[in-house]
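K.L.:
File target-v4.txt follows (compact mmCIF, C-alpha atoms):
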```txt
# COMPACT_ATOMS: atom_id res chain seq x y z
CA MET A 1 50.85 -145.43 38.40
CA THR A 2 51.32 -145.19 42.16
CA HIS A 3 53.21 -147.90 44.00
CA PRO A 4 51.09 -149.91 46.48
CA THR A 5 53.05 -148.39 49.36
CA ALA A 6 52.55 -144.86 48.09
CA ILE A 7 51.85 -142.12 50.55
CA GLN A 8 48.54 -142.88 52.14
CA ASN A 9 46.92 -143.29 55.52
CA PRO A 10 46.54 -147.05 56.10
CA GLU A 11 43.50 -148.40 57.89
CA PRO A 12 44.58 -151.69 59.52
CA GLU A 13 42.25 -153.83 61.63
CA GLY A 14 39.03 -151.90 61.58
CA GLY A 15 40.71 -148.58 60.89
CA ARG A 16 42.89 -148.61 64.01
CA SER A 17 46.68 -148.77 63.97
CA LEU A 18 48.51 -150.96 66.47
CA PHE A 19 49.37 -147.84 68.44
CA ARG A 20 45.71 -146.77 68.55
CA ARG A 21 44.60 -150.29 69.59
CA VAL A 22 47.16 -150.35 72.41
CA MET A 23 46.08 -146.88 73.56
CA ASP A 24 42.41 -147.86 73.49
CA ASP A 25 42.98 -151.18 75.22
CA ALA A 26 45.03 -149.62 78.03
CA GLY A 27 42.09 -147.35 78.85
CA VAL A 28 42.10 -146.06 82.39
CA SER A 29 43.38 -149.32 83.92
CA VAL A 30 46.93 -147.97 84.04
CA ALA A 31 48.02 -145.27 86.47
CA PRO A 32 49.04 -142.08 84.61
CA LEU A 33 52.66 -142.31 85.80
CA ASP A 34 52.96 -145.89 84.52
CA ARG A 35 51.07 -145.34 81.26
CA ARG A 36 54.01 -144.73 78.91
CA GLY A 37 55.91 -147.76 80.19
CA GLU A 38 52.84 -149.97 79.87
CA LEU A 39 52.08 -148.70 76.38
CA ALA A 40 55.70 -149.35 75.34
CA ARG A 41 55.56 -152.86 76.81
CA GLN A 42 52.35 -153.64 74.93
CA LEU A 43 53.72 -152.25 71.64
CA ARG A 44 56.79 -154.47 71.98
CA GLU A 45 54.70 -157.49 72.88
CA ARG A 46 52.08 -157.08 70.14
CA SER A 47 54.49 -156.10 67.36
CA GLY A 48 57.34 -158.42 68.29
CA LEU A 49 59.71 -155.51 67.80
CA ASP A 50 62.75 -154.77 69.91
CA GLU A 51 65.97 -152.79 69.53
CA ALA A 52 67.75 -155.62 67.69
CA ALA A 53 64.95 -155.91 65.14
CA LEU A 54 64.96 -152.15 64.56
CA GLU A 55 68.72 -152.17 64.07
CA ARG A 56 68.39 -154.95 61.48
CA VAL A 57 65.64 -152.99 59.71
CA VAL A 58 67.69 -149.78 59.67
CA ARG A 59 70.85 -151.47 58.38
CA ARG A 60 68.99 -153.52 55.74
CA PHE A 61 67.00 -150.49 54.58
CA TYR A 62 70.15 -148.44 54.06
CA ALA A 63 71.86 -151.35 52.31
CA HIS A 64 69.03 -151.06 49.77
CA ALA A 65 68.79 -147.26 49.76
CA ARG A 66 72.51 -146.60 49.34
CA ILE A 67 72.55 -148.44 46.01
CA ASP A 68 69.20 -147.11 44.82
CA ALA A 69 69.45 -144.90 41.72
CA ASP A 70 67.10 -142.25 43.17
CA LEU A 71 67.93 -142.28 46.88
CA GLY A 72 71.56 -143.43 46.93
CA PRO A 73 73.13 -140.20 45.64
CA MET A 74 71.11 -138.16 48.14
CA PHE A 75 72.31 -140.24 51.07
CA SER A 76 75.90 -140.24 49.80
CA ALA A 77 75.87 -136.46 49.61
CA HIS A 78 74.43 -135.92 53.10
CA VAL A 79 75.61 -138.76 55.34
CA ALA A 80 79.29 -138.69 56.27
CA ASP A 81 79.31 -141.08 59.25
CA TRP A 82 77.10 -144.09 58.60
CA GLU A 83 77.46 -145.65 62.06
CA THR A 84 76.26 -142.44 63.69
CA HIS A 85 73.40 -142.25 61.19
CA TYR A 86 72.38 -145.86 61.87
CA ALA A 87 72.36 -145.22 65.64
CA ARG A 88 70.30 -142.04 65.15
CA MET A 89 67.77 -143.89 62.97
CA VAL A 90 67.45 -146.75 65.48
CA ASP A 91 66.77 -144.12 68.15
CA PHE A 92 64.20 -142.52 65.85
CA TRP A 93 62.36 -145.76 65.10
CA ALA A 94 62.52 -146.90 68.73
CA SER A 95 60.97 -143.57 69.71
CA VAL A 96 58.15 -143.52 67.16
CA ALA A 97 57.36 -147.24 67.14
CA LEU A 98 58.10 -148.28 70.73
CA LEU A 99 57.85 -145.00 72.68
CA ALA A 100 61.53 -145.15 73.70
CA GLY A 101 61.77 -141.35 73.83
CA ARG A 102 65.40 -141.22 72.70
CA TYR A 103 65.11 -139.21 69.48
CA HIS A 104 65.10 -135.49 70.21
CA ARG A 105 65.91 -133.96 66.84
CA ASN A 106 63.66 -132.17 64.37
CA ALA A 107 63.08 -134.58 61.47
CA LEU A 108 61.49 -131.89 59.34
CA GLN A 109 64.49 -129.61 59.79
CA ALA A 110 66.89 -132.48 59.04
CA HIS A 111 65.21 -133.06 55.66
CA ARG A 112 64.73 -129.42 54.70
CA PRO A 113 68.14 -129.01 52.94
CA LEU A 114 67.36 -131.91 50.60
CA ALA A 115 65.67 -131.31 47.25
CA LEU A 116 62.93 -133.82 47.99
CA ARG A 117 60.01 -134.52 45.69
CA PRO A 118 57.01 -136.81 46.18
CA MET A 119 58.70 -139.53 44.12
CA HIS A 120 61.50 -139.69 46.72
CA PHE A 121 58.98 -140.48 49.45
CA GLU A 122 57.28 -143.10 47.28
CA ARG A 123 60.64 -144.75 46.62
CA TRP A 124 61.56 -144.57 50.32
CA LEU A 125 58.28 -146.28 51.21
CA ALA A 126 58.78 -148.98 48.58
CA LEU A 127 62.28 -149.79 49.88
CA PHE A 128 61.10 -149.63 53.47
CA ASP A 129 58.23 -152.00 52.68
CA GLN A 130 60.66 -154.40 50.97
CA THR A 131 62.97 -154.25 54.00
CA LEU A 132 60.14 -154.93 56.45
CA GLN A 133 59.00 -157.92 54.41
CA GLU A 134 62.55 -159.28 54.68
CA GLU A 135 63.10 -158.56 58.37
CA VAL A 136 60.01 -158.51 60.57
CA SER A 137 56.73 -160.24 61.37
CA PRO A 138 53.49 -159.23 59.65
CA GLN A 139 52.38 -157.41 62.84
CA ALA A 140 55.63 -155.44 63.01
CA HIS A 141 55.46 -154.77 59.26
CA GLN A 142 51.97 -153.31 59.57
CA HIS A 143 52.92 -151.22 62.61
CA LEU A 144 56.08 -149.77 61.04
CA MET A 145 54.52 -149.17 57.61
CA SER A 146 51.63 -147.33 59.19
CA ILE A 147 54.09 -145.01 60.91
CA ALA A 148 56.28 -144.68 57.80
CA GLN A 149 53.31 -143.73 55.64
CA ARG A 150 52.24 -141.01 58.08
CA ILE A 151 55.79 -139.67 58.26
CA ALA A 152 56.15 -139.68 54.47
CA ALA A 153 52.82 -137.90 54.03
CA THR A 154 53.72 -135.25 56.59
CA LEU A 155 57.23 -134.61 55.28
CA SER A 156 56.06 -134.62 51.68
CA SER A 157 53.27 -132.14 52.37
CA ARG A 158 55.63 -129.78 54.19
CA LEU A 159 58.74 -130.12 52.03
CA CYS A 160 57.37 -130.62 48.52
CA THR A 161 55.34 -127.46 48.14
CA ARG A 162 55.80 -125.02 45.31
```
As structure tokens - that is how I would like this structure written.
P.N.:
Amino acid sequence: MTHPTAIQNPEPEGGRSLFRRVMDDAGVSVAPLDRRGELARQLRERSGLDEAALERVVRRFYAHARIDADLGPMFSAHVADWETHYARMVDFWASVALLAGRYHRNALQAHRPLALRPMHFERWLALFDQTLQEEVSPQAHQHLMSIAQRIAATLSSRLCTR
């Protein structure tokens, strides 16, 4: 049986993610040079997310993941400096969820050395969903889960091939 947060492409609010709604709503009313800043402002406003919320999510998620029977050993084997990892993950989530543009690493390459299987992504999504339910508003939950599900699907399809 697949967990309800299993790898899928969610279709919130008429099939449009928060990001897509913000992009569509901005239309041509914003000058091209100001577009990214305006989109970021609207994502923050509509989701209720900010850096502090993302830091809480990252720290709470890893509190769960580090003790998880499936994910914990993987993280223990590959993360030596947790504070650096937390900061990197906040940068990542700020970049993908709020257009902060601070994460400049290759996520696919970072995960390549791990022996990942689809069940790892399903477990990651389940723990991430649990964390979001504990930490953020329903709008932020939907926004972040939509992104997480796309990331999990992409990484799984590229890393879990035979």
K.L.:
Residues within 10 Å of A:Arg105, please, as a list in words. Count all atoms listed in the file; anything in the same chain fewer than 5 positions from it doesn't count.
P.N.:
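Counting only the stated atoms, we get Arg88, Phe92 and Ala110 of chain A.
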K.L.:
Under the rule that all atoms listed in the file are counted, which of A:Gly48, A:Gly37, A:Pro118, A:Pro113 is the nearest residue to A:Gly101?
P.N.:
A:Gly37
K.L.:
One decimal, in Å: what's the spacing between atom CA of A:Phe128 and atom CA of A:Leu155?
P.N.:
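Computing it gives 15.6 Å between the two atoms.
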K.L.:
For A:Arg158, list every protein, DNA or RNA residue within 12 Å, evaluated using all atoms listed in the file, and leave out those in the same chain fewer than 4 positions away; present the list as a list of chain:residue names.
P.N.:
A:Ala107, A:Leu108, A:Gln109, A:His111, A:Arg112, A:Leu116, A:Arg117, A:Pro118, A:Ile151, A:Ala152, A:Ala153, A:Thr154, A:Arg162
K.L.:
Around all the atoms of stretch 72-81 of chain A listed in the file, with 4 Å of room on each side, what axis-aligned box do you get, giving centre and edge lengths in Å to one decimal, as JSON?
P.N.:
```
{"center_x": 75.2, "center_y": -139.7, "center_z": 52.4, "size_x": 16.2, "size_y": 15.5, "size_z": 21.6}
```
K.L.:
Would you pick out the contacts of stretch 78-84 of chain A at 12 Å or less, using only C-alpha atoms, so that residues sharing its chain but fewer than 4 positions from it are not included, and give the list as a list in words?
P.N.:
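Returned residues: Glu55, Val58, Arg59, Tyr62, Ala63, Arg66, Leu71, Gly72, Pro73, Met74, Arg88, Met89, Val90, Asp91, Ala110, His111, Arg112, Pro113, Leu114 and Ala115 of chain A.
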K.L.:
Would you mind telling me which residue in A:Ser156, A:Asn106, A:Ser95, A:Gln139 lies nearest to A:Met119 when using only C-alpha atoms?
P.N.:
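Residue with the minimum atom-to-atom distance to A:Met119: A:Ser156.
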K.L.:
Atom CA of A:Glu45 and atom CA of A:Phe61 are how many Å apart?
P.N.:
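A separation of 23.1 Å between them.
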K.L.:
From the list A:Val136, A:Leu125, A:Ile147, A:Leu54, which residue is nearest A:Ala94 when using only C-alpha atoms?
P.N.:
A:Leu54
K.L.:
Find the spatial neighbours of A:Ala69, counting all atoms listed in the file, within a cut-off of 12 Å - ignore same-chain residues fewer than 5 positions away - and output them as number ranges by chain.
P.N.:
A: 64, 74-76, 120, 123-124, 127
K.L.:
To one decimal place in Å, what is the distance between atom CA of A:Leu49 and atom CA of A:Ala140?
P.N.:
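Separating atom CA of A:Leu49 from atom CA of A:Ala140 is a distance of 6.3 Å.
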K.L.:
Which residue, A:Leu99, A:Ala126, A:Ala52, A:Ile67, has the smallest gap to A:Arg35 when you use all atoms listed in the file?
P.N.:
A:Leu99
K.L.:
May I ask which of the residues A:Ala97, A:Asp70, A:Val57, A:Pro138 is the closest one to A:Leu43, counting all atoms listed in the file?
P.N.:
A:Ala97
K.L.:
Can you sort out stretch 49-70 of chain A so it carries N, CA, C and O atoms, written as a compact mmCIF listing (two decimals), in the frame of the given file?
P.N.:
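So the final result, stored in part_2.txt, reads:
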```txt
# COMPACT_ATOMS: atom_id res chain seq x y z
N LEU A 49 58.53 -156.33 68.06
CA LEU A 49 59.71 -155.51 67.80
C LEU A 49 60.54 -155.30 69.06
O LEU A 49 60.00 -155.24 70.17
N ASP A 50 61.83 -155.17 68.86
CA ASP A 50 62.75 -154.77 69.91
C ASP A 50 63.90 -154.01 69.25
O ASP A 50 63.89 -153.79 68.04
N GLU A 51 64.86 -153.59 70.05
CA GLU A 51 65.97 -152.79 69.53
C GLU A 51 66.76 -153.55 68.45
O GLU A 51 67.16 -152.96 67.44
N ALA A 52 66.98 -154.83 68.66
CA ALA A 52 67.75 -155.62 67.69
C ALA A 52 67.03 -155.69 66.35
O ALA A 52 67.66 -155.57 65.29
N ALA A 53 65.72 -155.87 66.39
CA ALA A 53 64.95 -155.91 65.14
C ALA A 53 65.01 -154.56 64.43
O ALA A 53 65.17 -154.50 63.20
N LEU A 54 64.90 -153.48 65.18
CA LEU A 54 64.96 -152.15 64.56
C LEU A 54 66.34 -151.89 63.97
O LEU A 54 66.46 -151.30 62.90
N GLU A 55 67.38 -152.34 64.63
CA GLU A 55 68.72 -152.17 64.07
C GLU A 55 68.87 -152.96 62.77
O GLU A 55 69.43 -152.45 61.79
N ARG A 56 68.34 -154.17 62.73
CA ARG A 56 68.39 -154.95 61.48
C ARG A 56 67.62 -154.23 60.37
O ARG A 56 68.08 -154.18 59.23
N VAL A 57 66.45 -153.71 60.70
CA VAL A 57 65.64 -152.99 59.71
C VAL A 57 66.41 -151.78 59.18
O VAL A 57 66.49 -151.57 57.97
N VAL A 58 66.96 -150.99 60.08
CA VAL A 58 67.69 -149.78 59.67
C VAL A 58 68.87 -150.14 58.77
O VAL A 58 69.05 -149.57 57.70
N ARG A 59 69.68 -151.10 59.17
CA ARG A 59 70.85 -151.47 58.38
C ARG A 59 70.45 -152.07 57.02
O ARG A 59 71.06 -151.76 56.01
N ARG A 60 69.43 -152.91 57.01
CA ARG A 60 68.99 -153.52 55.74
C ARG A 60 68.40 -152.46 54.82
O ARG A 60 68.65 -152.44 53.63
N PHE A 61 67.59 -151.55 55.39
CA PHE A 61 67.00 -150.49 54.58
C PHE A 61 68.11 -149.68 53.90
O PHE A 61 68.05 -149.44 52.69
N TYR A 62 69.10 -149.25 54.66
CA TYR A 62 70.15 -148.44 54.06
C TYR A 62 71.03 -149.23 53.11
O TYR A 62 71.58 -148.65 52.16
N ALA A 63 71.14 -150.52 53.30
CA ALA A 63 71.86 -151.35 52.31
C ALA A 63 71.15 -151.24 50.96
O ALA A 63 71.79 -151.15 49.92
N HIS A 64 69.82 -151.23 51.00
CA HIS A 64 69.03 -151.06 49.77
C HIS A 64 69.11 -149.61 49.26
O HIS A 64 69.33 -149.37 48.08
N ALA A 65 68.89 -148.67 50.16
CA ALA A 65 68.79 -147.26 49.76
C ALA A 65 70.11 -146.71 49.21
O ALA A 65 70.10 -145.89 48.29
N ARG A 66 71.22 -147.15 49.77
CA ARG A 66 72.51 -146.60 49.34
C ARG A 66 72.85 -146.97 47.90
O ARG A 66 73.61 -146.25 47.24
N ILE A 67 72.28 -148.05 47.40
CA ILE A 67 72.55 -148.44 46.01
C ILE A 67 71.40 -148.09 45.08
O ILE A 67 71.46 -148.33 43.88
N ASP A 68 70.36 -147.49 45.61
CA ASP A 68 69.20 -147.11 44.82
C ASP A 68 69.55 -145.92 43.93
O ASP A 68 70.18 -144.94 44.39
N ALA A 69 69.13 -145.97 42.68
CA ALA A 69 69.45 -144.90 41.72
C ALA A 69 68.88 -143.54 42.14
O ALA A 69 69.51 -142.51 41.89
N ASP A 70 67.72 -143.51 42.78
CA ASP A 70 67.10 -142.25 43.17
C ASP A 70 67.55 -141.77 44.55
O ASP A 70 67.81 -140.58 44.74
```
